[in-house]
Structure formats: C-alpha cells, structure tokens
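Visitor: Pasting a structure here, questions to come.
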Amino acid sequence: MHAPVLVAEVISHLAPARGGLFVDCTLGAGGHTRALLDAGATRVLAFDRDRTALSLATTTLADRLDRVEMVHADYRSLGDVLDARGLTVVDGGILADLGVSSMQLDDAERGFSFRADAPLDMRMDRDSGLTAAALLQTVEEGALADVIYQYGEERFSRRIARAIVRAREAGPLETTGQLAAIVRRAVPTKGWQRIDPATRTFQALRIWVNRELEGLDTFIRAAVARLAAGARLAVIAFHSLEDRIVKHTLRSLAQAPDPLVSLVTRRPIEATDEEVARNPRARSAKLRVAERLA
C-alpha cells in the first residue's frame, strides 16, 4: 500500500478540524484525503489523472465515500473541476502532493522504473498523451539532450541523447531494460556508484512525458485565487526543480504592495528521521504552506 508522506505536518498546517471543503488535487491511494476526513474536514473533493489510483482510493476510502467526491482530472485542471461543480471558493484548504507515487513506481508495467524490464510507457494518465517510447522515436537529438540535462540535471546528457538516437536507428526502443542499458553504456563510470547511471535520465523522461513542471506556477496561482481568506495551500514537492517553482511562486504571491498570501513556512518542512525509516520515499519530500489573506 502506498504510504502518504508528511501526513501529520499536512494536518497540522491545513487544520481540517475547522471543517469545510478541502481539495486534494493528487489523490493517489487516498491516504491524505482519509487523514483530512479523520481530522474533521466536512468533505473532500479529490482528483487524480491516474485511473488506477482512483480505483485504489475507492477501496481506501470505502467507509467515507459519502464525504468524498473523486474525479479523473489533472491537478492543473483545478479551476475547471471547481467551476463544473459551481464552486467559486474553497473554504477549507487545498493540497497537492506532486510527482510520481511509489505505487506507480512499483508497478513494473507502468514503465517508470528500470528495476524490471517493462513497456516504456511512463504516463501517469494512460488515457492520454504519448508514451516515452513514442516520444523517443521522433525527438531530435539536441532537444532530447536538453530534456535530460534540464529535468535530470545529468551532465552527460549529450552523450546519452546521442546514444539513444543511434540505438533507435537499429529499431524502436520499447522497454525500460533497453533504455537503461543504452544509458549505462553511454555514461562513463569509475568504481562504485551511489545511484544507477540511468536514474537521472529516467527521472528526466518521466517529467517530460507527464509535463510535470509545465503549468505548476499557474496551478499555484489558480489555487490561491480560489481560497477563502484564512484557508491554506499545501504543496509537497519531491525534487529540486519542482520545489524551486513552488518556492518562487509562493514568494511572488507574498510580496508587497498587494500580497495575496502569507508564507506559513519560510523554509520547507521535511520528514523526520522516524518517517524516513518507515517510508524511504519521504526522504526527498518538501512541504511548503501559504495562507490566503483577505
């Protein structure tokens, strides 16, 4: 079962005991939504772009479905989801737990991980968009190198992109095992490596396939615009590129002369050692919270 991260910290800062409507923009398996309801939220509107997650959350929240509405939607569709329900203001709070979930990583058939040889998919929403395999068949070498460098912070991005383009000339790249082997051969290594040489490239391609950074700043601004005075937005990021966007967007919204929010967290909240021991995925999680001003 997927273990949600920073649950106690999210509950502490969103304070659902006040009641009201809360929005969980990234439902996942339903752990955060369940915690919000258990702590006093009147109801939760929750959505996710992964239908598998929605199905699992239905089981997780089986005894609370009278207080939850689940929707198949991308978190960046927040405004449309609210408008479709005639909701202009969220009086409780909004939560977004960004990035890929451990249950997606652990499902080999999704193609997020190279731990098993599987179809090279990587889509969070398998109902739309192109797979990683399809995108890699047509992308130009220079553009691919930029993706790997920008989203994976991989210094050997040009060597990797060149190797991928050469490999696809011999036939389509269809599996995670194929791609991982190409990347490992392209990256020069000496001795023991802390992480697999393919790790950064796989992260970069996943972000690219799912447009994870695209529109994140717009989402944050839209979420703040929908909050009632005193309600809060909580965002959990899992890598530096995400967290940087969250930090700078919230800071810009908190600037004078007409600030829309106050920063509840000046520095990101991170998981305790105890939580990391229970759930290693929490190691990279960073929570930032802002409160809507009047």
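Residue numbers start at 1 in each chain; chains themselves are named A, B, ... in the order of the structure tokens; ligands are numbered from 1 in the order shown.
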Name the residues in contact with segment 285-291 of chain A at a cut-off of 7 Å, using only C-alpha atoms, excluding same-chain residues fewer than 6 positions from it; report them as a list in words.
Guide: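 Answer for this query is Gly230, Ala231, Arg232, Leu233, Ala234, Val235, Ile236, Ala237, Phe238, Val261, Ser262, Leu263, Val264, Thr265, Pro268, Ile269, Glu270 and Ala271 of chain A.
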Visitor: Could you pull out the strand (DSSP E) residues of segment 51-114 of chain A, going by DSSP on the backbone, and write them as a list in words?
Guide: Val68, Glu69, Met70, Val71, His72, Gly93, Ile94, Leu95, Ala96 and Asp97 of chain A
Visitor: May I have the residues within 9 Å of Val44 of chain A as a tab-separated table (two decimals) with C-alpha atoms, in the first residue's frame, using only C-alpha atoms and disregarding those fewer than 4 positions away in the same chain?
Guide:
```tsv
chain	number	residue	atom	x	y	z
A	20	GLY	CA	-15.28	22.98	5.39
A	21	LEU	CA	-14.40	21.85	1.88
A	22	PHE	CA	-10.89	20.62	1.20
A	23	VAL	CA	-9.44	19.79	-2.21
A	24	ASP	CA	-6.88	17.03	-2.65
A	33	THR	CA	-7.74	12.51	1.92
A	36	LEU	CA	-8.17	15.09	6.29
A	37	LEU	CA	-11.57	13.47	6.83
A	67	ARG	CA	-17.95	12.72	2.23
A	68	VAL	CA	-15.68	12.39	-0.81
A	69	GLU	CA	-16.11	13.12	-4.49
A	70	MET	CA	-13.44	11.63	-6.73
```
Visitor: Residues within 12 Å of segment 116-133 of chain A, please, as a PyMOL selection string. Count only C-alpha atoms; anything in the same chain fewer than 4 positions from it doesn't count.
Guide: chain A and resi 26+28+48-54+72-75+98-101+103-112+137-139+144+164+168+171-181+201-212
Visitor: Distance atom CA of Thr199 of chain A-atom CA of His239 of chain A, one decimal place?
Guide: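 Here the two named atoms are 13.0 Å from each other.
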Visitor: Any idea what the distance is between atom CA of Arg283 of chain A and atom CA of Glu214 of chain A?
Guide: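 Spanning atom CA of Arg283 of chain A to atom CA of Glu214 of chain A is a straight-line distance of 24.1 Å.
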Visitor: I want to know what sits within 6 Å of Ala228 of chain A, based on only C-alpha atoms, with residues of the same chain fewer than 2 positions away left out; could you give that as a VMD selection string?
Guide: chain A and resid 89 to 91 231
Visitor: For Ile160 of chain A, list every protein, DNA or RNA residue within 10 Å, evaluated using only C-alpha atoms, and leave out those in the same chain fewer than 5 positions away; present the list as a ChimeraX atom specification.
Guide: /A:141,144-145,148-149,154-155,165-166,182-187,198,201
Visitor: Given only C-alpha atoms as the basis, pick out the residue of A:Pro188, A:Pro257, A:Gly152, A:Gly79 nearest to Ala225 of chain A.
Guide: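 Result for the nearest residue to Ala225 of chain A: A:Gly79.
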Visitor: Which one is closest to Gly19 of chain A: A:Gly93, A:Leu87, A:Pro4, A:Ala161? Count only C-alpha atoms.
Guide: A:Gly93
Visitor: Residues at most 10 Å from Thr59 of chain A, counting only C-alpha atoms, excluding those fewer than 6 positions away in the same chain, as a list of chain:residue names?
Guide: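 The neighbour list is A:Ala29, A:Gly30, A:Leu65.
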Visitor: With all heavy atoms kept, could you save the residues just selected as a JSON list (two decimals), in the first residue's frame?
Guide:
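Written out: selection-v6.json:
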```
[["chain", "number", "residue", "atom", "x", "y", "z"],
["A", 29, "ALA", "N", -3.49, 7.03, -3.57],
["A", 29, "ALA", "CA", -4.24, 5.93, -2.95],
["A", 29, "ALA", "C", -5.23, 6.41, -1.91],
["A", 29, "ALA", "O", -5.95, 5.61, -1.32],
["A", 29, "ALA", "CB", -3.27, 4.94, -2.32],
["A", 30, "GLY", "N", -5.26, 7.72, -1.65],
["A", 30, "GLY", "CA", -6.26, 8.27, -0.74],
["A", 30, "GLY", "C", -5.81, 8.50, 0.68],
["A", 30, "GLY", "O", -6.62, 8.87, 1.53],
["A", 65, "LEU", "N", -17.04, 7.35, 1.63],
["A", 65, "LEU", "CA", -17.40, 7.83, 0.30],
["A", 65, "LEU", "C", -18.54, 8.84, 0.31],
["A", 65, "LEU", "O", -18.72, 9.58, -0.66],
["A", 65, "LEU", "CB", -17.76, 6.64, -0.61],
["A", 65, "LEU", "CG", -16.59, 5.70, -0.95],
["A", 65, "LEU", "CD1", -17.06, 4.56, -1.83],
["A", 65, "LEU", "CD2", -15.46, 6.47, -1.63]]
```
Visitor: Output as a ChimeraX atom specification all residues of segment 142-189 of chain A that backbone DSSP marks as helix (DSSP H, G or I).
Guide: /A:142-152,157-169,176-186
